[in-house]
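Structure file input.tsv with TSV, C-alpha atoms:
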chain	number	residue	atom	x	y	z
K	22	LEU	CA	-30.65	-3.81	75.53
K	23	LEU	CA	-32.80	-1.35	73.61
K	24	GLY	CA	-30.85	-2.12	70.43
K	25	ILE	CA	-31.46	-5.84	70.79
K	26	ALA	CA	-35.19	-5.26	71.34
K	27	VAL	CA	-35.39	-2.98	68.28
K	28	VAL	CA	-33.54	-5.49	66.09
K	29	ALA	CA	-35.78	-8.32	67.32
K	30	VAL	CA	-38.96	-6.34	66.59
K	31	LEU	CA	-37.72	-5.30	63.15
K	32	LEU	CA	-36.74	-8.88	62.36
K	33	LEU	CA	-40.16	-10.16	63.41
K	34	VAL	CA	-41.95	-7.46	61.40
K	35	GLY	CA	-39.71	-8.19	58.40
K	36	ILE	CA	-40.51	-11.90	58.50
K	37	VAL	CA	-44.26	-11.25	58.76
K	38	VAL	CA	-44.20	-8.70	55.92
K	39	ASN	CA	-42.11	-11.07	53.78
K	40	ARG	CA	-44.57	-13.95	54.28
K	41	VAL	CA	-47.63	-11.82	53.58
K	42	VAL	CA	-46.16	-10.24	50.44
K	43	SER	CA	-44.77	-13.57	49.18
K	44	ASP	CA	-48.09	-15.35	49.64
K	45	ARG	CA	-50.06	-12.53	48.02
K	46	TYR	CA	-47.55	-12.36	45.18
K	47	GLU	CA	-47.96	-16.10	44.57
K	48	THR	CA	-51.75	-15.68	44.48
K	49	VAL	CA	-51.50	-12.86	41.95
K	50	LEU	CA	-49.09	-14.82	39.77
K	51	THR	CA	-51.28	-17.92	39.88
K	52	GLY	CA	-54.28	-15.85	38.80
K	53	GLN	CA	-52.27	-14.29	35.99
K	54	GLN	CA	-51.08	-17.68	34.76
K	55	GLN	CA	-54.63	-19.03	34.76
K	56	GLN	CA	-55.83	-15.92	32.93
K	57	ARG	CA	-53.16	-16.34	30.25
K	58	LEU	CA	-54.20	-19.96	29.81
K	59	ASP	CA	-57.88	-18.95	29.61
K	60	ASP	CA	-57.05	-16.32	26.97
K	61	ALA	CA	-55.09	-18.89	24.97
K	62	ALA	CA	-58.01	-21.32	25.23
K	63	VAL	CA	-60.31	-18.67	23.72
K	64	THR	CA	-57.84	-18.21	20.87
K	65	LEU	CA	-57.70	-21.97	20.36
K	66	SER	CA	-61.51	-22.16	20.42
K	67	GLU	CA	-61.60	-19.69	17.52
K	68	ARG	CA	-58.93	-21.65	15.64
K	69	PHE	CA	-60.69	-24.98	16.23
K	70	GLY	CA	-63.92	-23.41	14.99
K	71	ARG	CA	-62.20	-22.38	11.75
K	72	GLY	CA	-60.57	-25.80	11.32
K	73	VAL	CA	-57.00	-24.52	11.65
K	74	ALA	CA	-54.22	-27.05	11.12
K	75	ASN	CA	-52.42	-28.74	14.01
K	76	ALA	CA	-49.23	-26.84	13.13
K	77	ARG	CA	-50.86	-23.58	14.27
K	78	ILE	CA	-52.06	-25.23	17.46
K	79	GLN	CA	-48.55	-26.56	18.07
K	80	ALA	CA	-47.10	-23.08	17.49
K	81	LEU	CA	-49.39	-21.65	20.16
K	82	ALA	CA	-48.39	-24.44	22.58
K	83	VAL	CA	-44.71	-23.61	21.93
K	84	ARG	CA	-45.25	-19.89	22.62
K	85	LEU	CA	-47.21	-20.58	25.80
K	86	ALA	CA	-44.77	-23.15	27.19
K	87	THR	CA	-41.83	-20.86	26.46
K	88	SER	CA	-43.41	-17.81	28.10
K	89	LEU	CA	-44.85	-19.66	31.11
K	90	GLY	CA	-41.82	-21.87	31.77
K	91	GLY	CA	-43.46	-25.27	31.85
K	92	GLU	CA	-45.19	-27.92	29.79
K	93	VAL	CA	-48.30	-27.05	27.76
K	94	ARG	CA	-50.61	-29.59	26.13
K	95	VAL	CA	-53.77	-29.49	24.05
K	96	VAL	CA	-55.72	-32.66	24.81
K	97	SER	CA	-58.89	-33.69	22.98
K	98	THR	CA	-61.92	-34.96	24.86
K	99	ASP	CA	-60.99	-38.55	23.98
K	100	GLY	CA	-57.58	-38.10	25.66
K	101	THR	CA	-55.51	-37.71	22.50
K	102	THR	CA	-52.72	-35.15	22.76
K	103	LEU	CA	-53.14	-32.79	19.81
K	104	ALA	CA	-50.15	-30.58	20.64
K	105	ALA	CA	-47.54	-30.46	23.38
K	106	TYR	CA	-44.40	-28.53	24.13
K	107	GLY	CA	-42.03	-27.90	27.01
K	108	LYS	CA	-41.17	-30.00	29.99
K	109	VAL	CA	-42.57	-30.33	33.47
K	110	PRO	CA	-40.51	-27.99	35.71
K	111	GLU	CA	-38.34	-29.29	38.52
K	112	GLY	CA	-39.74	-29.05	42.04
K	113	ASP	CA	-43.29	-28.11	42.97
K	114	THR	CA	-45.65	-27.68	40.03
K	115	THR	CA	-49.23	-26.62	39.61
K	116	ARG	CA	-51.49	-28.06	36.93
K	117	TYR	CA	-53.73	-25.59	35.16
K	118	GLY	CA	-56.50	-26.38	32.76
K	119	SER	CA	-58.86	-24.44	30.57
K	120	PRO	CA	-61.57	-25.87	28.32
K	121	ILE	CA	-61.55	-25.23	24.58
K	122	GLU	CA	-65.12	-24.84	23.36
K	123	VAL	CA	-66.57	-24.68	19.90
K	124	GLY	CA	-70.24	-23.75	19.67
K	125	GLY	CA	-70.71	-24.30	23.41
K	126	THR	CA	-69.28	-27.83	23.33
K	127	VAL	CA	-65.93	-28.68	24.90
K	128	VAL	CA	-63.74	-30.18	22.17
K	129	ALA	CA	-60.41	-30.16	24.00
K	130	THR	CA	-58.60	-28.91	27.08
K	131	LEU	CA	-55.57	-26.67	27.27
K	132	GLU	CA	-53.42	-28.01	30.10
K	133	ALA	CA	-50.22	-26.68	31.62
K	134	ASP	CA	-47.82	-27.88	34.30
K	135	LEU	CA	-46.08	-24.78	35.62
K	136	PRO	CA	-43.81	-23.94	38.56
K	137	SER	CA	-45.82	-23.53	41.77
K	138	ARG	CA	-43.53	-21.04	43.42
K	139	ALA	CA	-42.27	-17.79	41.98
K	140	THR	CA	-38.99	-17.89	43.87
K	141	ASP	CA	-37.08	-17.50	40.62
K	142	ARG	CA	-38.91	-14.30	39.76
K	143	ALA	CA	-37.02	-11.03	40.14
K	144	PHE	CA	-39.56	-9.29	42.39
K	145	LEU	CA	-39.20	-11.33	45.59
K	146	PRO	CA	-35.38	-11.20	45.82
K	147	LEU	CA	-35.49	-7.44	45.17
K	148	PHE	CA	-38.24	-7.04	47.77
K	149	ASN	CA	-36.23	-9.01	50.34
K	150	VAL	CA	-33.09	-6.91	49.74
K	151	THR	CA	-35.15	-3.74	50.06
K	152	LEU	CA	-36.68	-5.03	53.30
K	153	ILE	CA	-33.22	-5.79	54.74
K	154	VAL	CA	-31.83	-2.38	53.73
K	155	ALA	CA	-34.88	-0.66	55.23
K	156	GLY	CA	-34.33	-2.63	58.45
K	157	PHE	CA	-30.68	-1.56	58.68
K	158	VAL	CA	-31.56	2.08	57.96
K	159	SER	CA	-34.29	1.89	60.62
K	160	VAL	CA	-31.90	0.46	63.21
K	161	LEU	CA	-29.32	3.13	62.38
K	162	GLY	CA	-31.95	5.88	62.67
K	163	ILE	CA	-33.25	4.50	65.97
K	164	VAL	CA	-29.70	4.32	67.39
K	165	VAL	CA	-28.96	7.94	66.39
K	166	VAL	CA	-32.25	9.25	67.79
K	167	SER	CA	-31.92	7.17	70.98
K	168	ALA	CA	-28.35	8.39	71.56
K	169	SER	CA	-29.46	12.00	71.08
K	170	ILE	CA	-32.40	11.62	73.48
K	171	ALA	CA	-30.24	9.80	76.03
K	172	ALA	CA	-27.63	12.59	75.87
K	173	ARG	CA	-30.30	15.24	76.47
K	174	LEU	CA	-31.88	13.30	79.34
K	175	THR	CA	-28.59	12.61	81.10
K	176	ARG	CA	-27.11	16.11	80.63
K	177	PRO	CA	-28.51	17.40	84.00
K	178	LEU	CA	-27.09	14.35	85.78
K	179	ARG	CA	-23.68	14.89	84.19
K	180	ASP	CA	-23.80	18.55	85.23
K	181	VAL	CA	-24.59	17.56	88.85
K	182	ALA	CA	-21.77	14.96	88.79
K	183	ALA	CA	-19.33	17.55	87.43
K	184	ALA	CA	-20.38	20.03	90.12
K	185	ALA	CA	-19.91	17.35	92.80
K	186	ARG	CA	-16.38	16.65	91.50
K	187	ARG	CA	-15.54	20.37	91.56
K	188	LEU	CA	-16.91	20.66	95.10
K	189	GLU	CA	-14.86	17.64	96.16
K	190	ALA	CA	-11.74	19.11	94.59
K	191	GLY	CA	-12.29	22.30	96.51
Write the structure described by the file as structure tokens, please.
Amino acid sequence: LLGIAVVAVLLLVGIVVNRVVSDRYETVLTGQQQQRLDDAAVTLSERFGRGVANARIQALAVRLATSLGGEVRVVSTDGTTLAAYGKVPEGDTTRYGSPIEVGGTVVATLEADLPSRATDRAFLPLFNVTLIVAGFVSVLGIVVVSASIAARLTRPLRDVAAAARRLEAG
């Protein structure tokens, strides 16, 4: 009965920890993706200000889309797509946007459709395996300690029972 209670508590704690870490991890990744897009928009602002050719803008879109795993577009204020690369990921996506400014005026927007969830990232599966292994080690440790304590607590009763059997046997 104690073992079942311990396993249930560890399972509940594991689920709560998994949810909290997963949600926080998603928040961190989303912030990092937005920051990367913002940094790229600053780079594009500098390039637009120098009158760089569309080929350079396209090259940056290709690098971003490849590294972020989604579709990246540079869209002018009139709605014309100046550069685009990648494809919209399967499943849930999040749309990011960052303005491209030249001299304080928005001349275009850097947009990206990226995966919403980071389930394909290596961290969460590794974290989950570690959580499961830690749970099994905890259960094993609790069983060993409980058995040791139970043996110590019941030793006087076993001694009394043994003495009663010897007395009965004569």
Worksheet item: Within 9 Å of Val93 (chain K), counting all atoms listed in the file, which residues qualify if same-chain residues fewer than 6 places away don't, as a PyMOL selection string?
Response: chain K and resi 82-83+85-86+104-109+131-135
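Put simply, CA of Val123 (chain K) is 9.3 Å away from CA of Leu65 (chain K).
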Fill in: Spatial neighbours of Phe69 (chain K), max dist 10 Å, all atoms listed in the file, sep filter under 4 positions, as a PyMOL selection string
chain K and resi 63-65+73-75+78+121-123+128-129
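Separating CA of Leu33 (chain K) from CA of Val49 (chain K) is a distance of 24.4 Å.
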Item to complete: Excluding Val150 (chain K) and residues on its chain fewer than 6 positions from it, collect all residues at most 12 Å away from it, counting all atoms listed in the file, and give them as a PyMOL selection string.
Response: chain K and resi 35+39+143-144+156-157
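A straight line drawn from CA of Gly124 (chain K) to CA of Leu103 (chain K) is 19.3 Å long.
For the choices K:Val96, K:Ala183, K:Leu81, K:Ile170, the atom-to-atom distance to Gly118 (chain K) is smallest for K:Val96 when using all atoms listed in the file.
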For Asn149 (chain K), find every residue with an atom within 12 Å (counting only C-alpha atoms), except residues of its own chain fewer than 3 positions away, and show them as a compact mmCIF listing (two decimals) with C-alpha atoms, in the frame of the given file.
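See part32.txt below for the written result:
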# COMPACT_ATOMS: atom_id res chain seq x y z
CA GLY K 35 -39.71 -8.19 58.40
CA ILE K 36 -40.51 -11.90 58.50
CA VAL K 37 -44.26 -11.25 58.76
CA VAL K 38 -44.20 -8.70 55.92
CA ASN K 39 -42.11 -11.07 53.78
CA ARG K 40 -44.57 -13.95 54.28
CA VAL K 42 -46.16 -10.24 50.44
CA SER K 43 -44.77 -13.57 49.18
CA THR K 140 -38.99 -17.89 43.87
CA ALA K 143 -37.02 -11.03 40.14
CA PHE K 144 -39.56 -9.29 42.39
CA LEU K 145 -39.20 -11.33 45.59
CA PRO K 146 -35.38 -11.20 45.82
CA LEU K 152 -36.68 -5.03 53.30
CA ILE K 153 -33.22 -5.79 54.74
CA VAL K 154 -31.83 -2.38 53.73
CA ALA K 155 -34.88 -0.66 55.23
CA GLY K 156 -34.33 -2.63 58.45
Mind checking which residues fall within 12 Å of Thr115 (chain K), counting all atoms listed in the file, ignoring those fewer than 6 positions away in the same chain, and posting them as a PDB file with C-alpha atoms, keeping the file's coordinate frame?
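Output below, filename part.pdb:
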ATOM      1  CA  GLU K  47     -47.960 -16.100  44.570  1.00  0.00           C
ATOM      2  CA  LEU K  50     -49.090 -14.820  39.770  1.00  0.00           C
ATOM      3  CA  THR K  51     -51.280 -17.920  39.880  1.00  0.00           C
ATOM      4  CA  GLY K  52     -54.280 -15.850  38.800  1.00  0.00           C
ATOM      5  CA  GLN K  54     -51.080 -17.680  34.760  1.00  0.00           C
ATOM      6  CA  GLN K  55     -54.630 -19.030  34.760  1.00  0.00           C
ATOM      7  CA  LEU K  89     -44.850 -19.660  31.110  1.00  0.00           C
ATOM      8  CA  GLY K  90     -41.820 -21.870  31.770  1.00  0.00           C
ATOM      9  CA  GLY K  91     -43.460 -25.270  31.850  1.00  0.00           C
ATOM     10  CA  GLU K  92     -45.190 -27.920  29.790  1.00  0.00           C
ATOM     11  CA  VAL K  93     -48.300 -27.050  27.760  1.00  0.00           C
ATOM     12  CA  VAL K 109     -42.570 -30.330  33.470  1.00  0.00           C
ATOM     13  CA  GLU K 132     -53.420 -28.010  30.100  1.00  0.00           C
ATOM     14  CA  ALA K 133     -50.220 -26.680  31.620  1.00  0.00           C
ATOM     15  CA  ASP K 134     -47.820 -27.880  34.300  1.00  0.00           C
ATOM     16  CA  LEU K 135     -46.080 -24.780  35.620  1.00  0.00           C
ATOM     17  CA  PRO K 136     -43.810 -23.940  38.560  1.00  0.00           C
ATOM     18  CA  SER K 137     -45.820 -23.530  41.770  1.00  0.00           C
ATOM     19  CA  ARG K 138     -43.530 -21.040  43.420  1.00  0.00           C
ATOM     20  CA  ALA K 139     -42.270 -17.790  41.980  1.00  0.00           C
TER      21      ALA K 139
END
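Using only C-alpha atoms, the nearest neighbour of Glu67 (chain K) within the list K:Gly125, K:Val165, K:Ala185, K:Pro177 is K:Gly125.
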